[in-house]
Amino acid sequence: MPHTAIEAQVEDGGSASKPQRIIKLSKTTDDSDKKVTNKRVKDIEICVPIVYGTIAFYLGRKASESQSHKWTVYVRGATNEDLGAVIKHVVFQLHPSFNNPTRIVEAPPFELSECGWGEFEIGISIFFHSDVCDKHLDLYHMLKLYPEDESGPQSTKKPVVMESYNEIVFPDPSECFFARVQNHPAVVVPRMPAGFSLPVLAPVENTNEKGRGDTKDHPLSQWFLNFSEADELLKLASARQQVQAHIVKLRRELSVIDGMPQPLKPASSYECT
């Protein structure tokens with residue numbers, strides 16, 4: 001079953017104040033033939049902050065009755081980093097009036113552009129690499145073409161921007177996934193407990209070799225909303241992960257202590273002077 005999140009509307013332009021939205025994906029059930037190659041790191045959570053949305057430009061004199069706006073829908077990292085290490089592909093479900101309304105984007109940046117005249121809800125299905133999660137995530141986003149302030153003619157230079165922020169949490173990640181994103185800038189990974197180390201794994205595919213997938217120098221990056229809380233949320237998520245790692249360490253220490261024989265209490269004695 002897919003997991004579903006409802007779009008959180010944000011204000012147009014400038015920075016976006018938002019409630020924190022966390023999507024926690026349930027643990028993947030390992031098949032017997034995957035247990036050896038896809039072992040899991042218990043009591044650990046990996047957090048991936050994402051932004052999804054649309055940017056729409058009015059075509060002005062070039063506009064026609066059926067094509068008044070050019071727009072782009074996308075899924076990007078909250079800090080514009082490459083999401084290819086986590087996301088395998090994204091499916092965008094457009095209005096049935098479009099040719100081939102089901103569009104699959106196989107590599108980052110996960111986006112597509114179209115022209116049209118009407119606003120509608122876009123379905124966004126995110127599929128993850130097999131060692132990340134075997135379930136996909138369904139999101140829904142309302143394409144917005146017209147600004148809230150309709151006084152005067154619509155500008156062809158200033159687009160209408162609509163974005164939403166989410167944090168996807170993966171509990172008990174596989175060792176392969178954990179090893180691949182330990183130092184990834186788009187992913188919040190907890191510090192491992194002292195004395196714990198991952199086994200040596202076979203080299204994983206470098207998703208960056210397929211081409212640059214970040215959106216830092218994207219042609220539309222100047223219009224991406226600046227989520228004013230994003231940095232603070234990332235810091236809080238990192239702190240939460242560190243606390244969780246410390247709890248895991250204490251649990252392991254307690255389990256060792258519980259397994260040791262308890263010393264006998266010394267008998268009471270009196271010292272003679």
# chains A, B, ... in the order shown; residues from 1 in each chain; ligands from 1
call {"tool": "residues_around", "arguments": {"residues": "stretch 74-86 of chain A", "least_positions_apart": "5", "cutoff": "7 Å", "atoms": "only C-alpha atoms", "output": "list in words"}}
result
Pro49, Ile50, Val51, Tyr52, Gly53, Thr54, Ala107, Pro108, Phe110, Glu111, Leu112, Phe128, His129, Val132, Pro185, Ala186, Thr207, Gly213, Asp214, Thr215 and Lys216 of chain A
call {"tool": "write_last_selection", "arguments": {"atoms": "N, CA and C atoms", "output": "PDB file, in the first residue's frame"}}
result
ATOM      1  N   PRO A  49      14.397  15.487   3.958  1.00  0.00           N
ATOM      2  CA  PRO A  49      13.522  16.648   3.727  1.00  0.00           C
ATOM      3  C   PRO A  49      13.353  16.897   2.229  1.00  0.00           C
ATOM      4  N   ILE A  50      12.121  17.055   1.786  1.00  0.00           N
ATOM      5  CA  ILE A  50      11.855  17.313   0.366  1.00  0.00           C
ATOM      6  C   ILE A  50      10.908  18.504   0.216  1.00  0.00           C
ATOM      7  N   VAL A  51      10.911  19.076  -0.981  1.00  0.00           N
ATOM      8  CA  VAL A  51       9.962  20.116  -1.360  1.00  0.00           C
ATOM      9  C   VAL A  51       9.364  19.711  -2.700  1.00  0.00           C
ATOM     10  N   TYR A  52       8.050  19.839  -2.840  1.00  0.00           N
ATOM     11  CA  TYR A  52       7.417  19.586  -4.130  1.00  0.00           C
ATOM     12  C   TYR A  52       6.477  20.747  -4.438  1.00  0.00           C
ATOM     13  N   GLY A  53       6.340  21.056  -5.725  1.00  0.00           N
ATOM     14  CA  GLY A  53       5.493  22.193  -6.060  1.00  0.00           C
ATOM     15  C   GLY A  53       5.489  22.520  -7.535  1.00  0.00           C
ATOM     16  N   THR A  54       4.988  23.721  -7.840  1.00  0.00           N
ATOM     17  CA  THR A  54       4.892  24.186  -9.218  1.00  0.00           C
ATOM     18  C   THR A  54       5.287  25.654  -9.307  1.00  0.00           C
ATOM     19  N   ALA A 107      15.233  10.066 -13.632  1.00  0.00           N
ATOM     20  CA  ALA A 107      16.480  10.534 -13.023  1.00  0.00           C
ATOM     21  C   ALA A 107      16.319  11.971 -12.559  1.00  0.00           C
ATOM     22  N   PRO A 108      17.099  12.382 -11.558  1.00  0.00           N
ATOM     23  CA  PRO A 108      17.023  13.769 -11.093  1.00  0.00           C
ATOM     24  C   PRO A 108      17.623  14.726 -12.107  1.00  0.00           C
ATOM     25  N   PHE A 110      13.896  15.699 -10.703  1.00  0.00           N
ATOM     26  CA  PHE A 110      12.598  15.079 -10.945  1.00  0.00           C
ATOM     27  C   PHE A 110      11.578  16.185 -11.230  1.00  0.00           C
ATOM     28  N   GLU A 111      11.362  16.466 -12.512  1.00  0.00           N
ATOM     29  CA  GLU A 111      10.505  17.579 -12.902  1.00  0.00           C
ATOM     30  C   GLU A 111      10.007  17.387 -14.325  1.00  0.00           C
ATOM     31  N   LEU A 112       8.960  18.139 -14.676  1.00  0.00           N
ATOM     32  CA  LEU A 112       8.508  18.211 -16.065  1.00  0.00           C
ATOM     33  C   LEU A 112       7.830  19.550 -16.272  1.00  0.00           C
ATOM     34  N   PHE A 128      11.109   4.678  -4.452  1.00  0.00           N
ATOM     35  CA  PHE A 128      12.439   4.677  -3.864  1.00  0.00           C
ATOM     36  C   PHE A 128      13.258   3.491  -4.374  1.00  0.00           C
ATOM     37  N   HIS A 129      14.575   3.580  -4.210  1.00  0.00           N
ATOM     38  CA  HIS A 129      15.438   2.464  -4.559  1.00  0.00           C
ATOM     39  C   HIS A 129      15.065   1.258  -3.694  1.00  0.00           C
ATOM     40  N   VAL A 132      15.930   1.126  -0.099  1.00  0.00           N
ATOM     41  CA  VAL A 132      15.405   2.223   0.717  1.00  0.00           C
ATOM     42  C   VAL A 132      14.034   1.856   1.275  1.00  0.00           C
ATOM     43  N   PRO A 185      24.487  15.293   1.711  1.00  0.00           N
ATOM     44  CA  PRO A 185      23.992  16.582   2.214  1.00  0.00           C
ATOM     45  C   PRO A 185      22.479  16.722   2.218  1.00  0.00           C
ATOM     46  N   ALA A 186      21.766  15.878   1.474  1.00  0.00           N
ATOM     47  CA  ALA A 186      20.308  15.987   1.418  1.00  0.00           C
ATOM     48  C   ALA A 186      19.610  15.133   2.467  1.00  0.00           C
ATOM     49  N   THR A 207      25.155   7.429  -7.985  1.00  0.00           N
ATOM     50  CA  THR A 207      24.079   8.000  -8.800  1.00  0.00           C
ATOM     51  C   THR A 207      24.504   9.298  -9.461  1.00  0.00           C
ATOM     52  N   GLY A 213      22.316  16.107 -10.566  1.00  0.00           N
ATOM     53  CA  GLY A 213      20.889  16.053 -10.293  1.00  0.00           C
ATOM     54  C   GLY A 213      20.416  17.050  -9.256  1.00  0.00           C
ATOM     55  N   ASP A 214      21.313  17.905  -8.749  1.00  0.00           N
ATOM     56  CA  ASP A 214      20.866  18.896  -7.773  1.00  0.00           C
ATOM     57  C   ASP A 214      20.190  20.061  -8.499  1.00  0.00           C
ATOM     58  N   THR A 215      19.548  20.943  -7.723  1.00  0.00           N
ATOM     59  CA  THR A 215      18.828  22.075  -8.319  1.00  0.00           C
ATOM     60  C   THR A 215      19.406  23.410  -7.858  1.00  0.00           C
ATOM     61  N   LYS A 216      20.674  23.413  -7.443  1.00  0.00           N
ATOM     62  CA  LYS A 216      21.282  24.652  -6.941  1.00  0.00           C
ATOM     63  C   LYS A 216      21.423  25.698  -8.036  1.00  0.00           C
TER      64      LYS A 216
END
call {"tool": "closest_residue", "arguments": {"among": "A:Gln244, A:Gln93, A:Gln182, A:Ser255", "to": "A:Ile44", "atoms": "only C-alpha atoms"}}
result
A:Gln244
call {"tool": "closest_residue", "arguments": {"among": "A:Leu137, A:Ala56, A:Ala239, A:Val90", "to": "A:Ile168", "atoms": "only C-alpha atoms"}}
result
A:Leu137
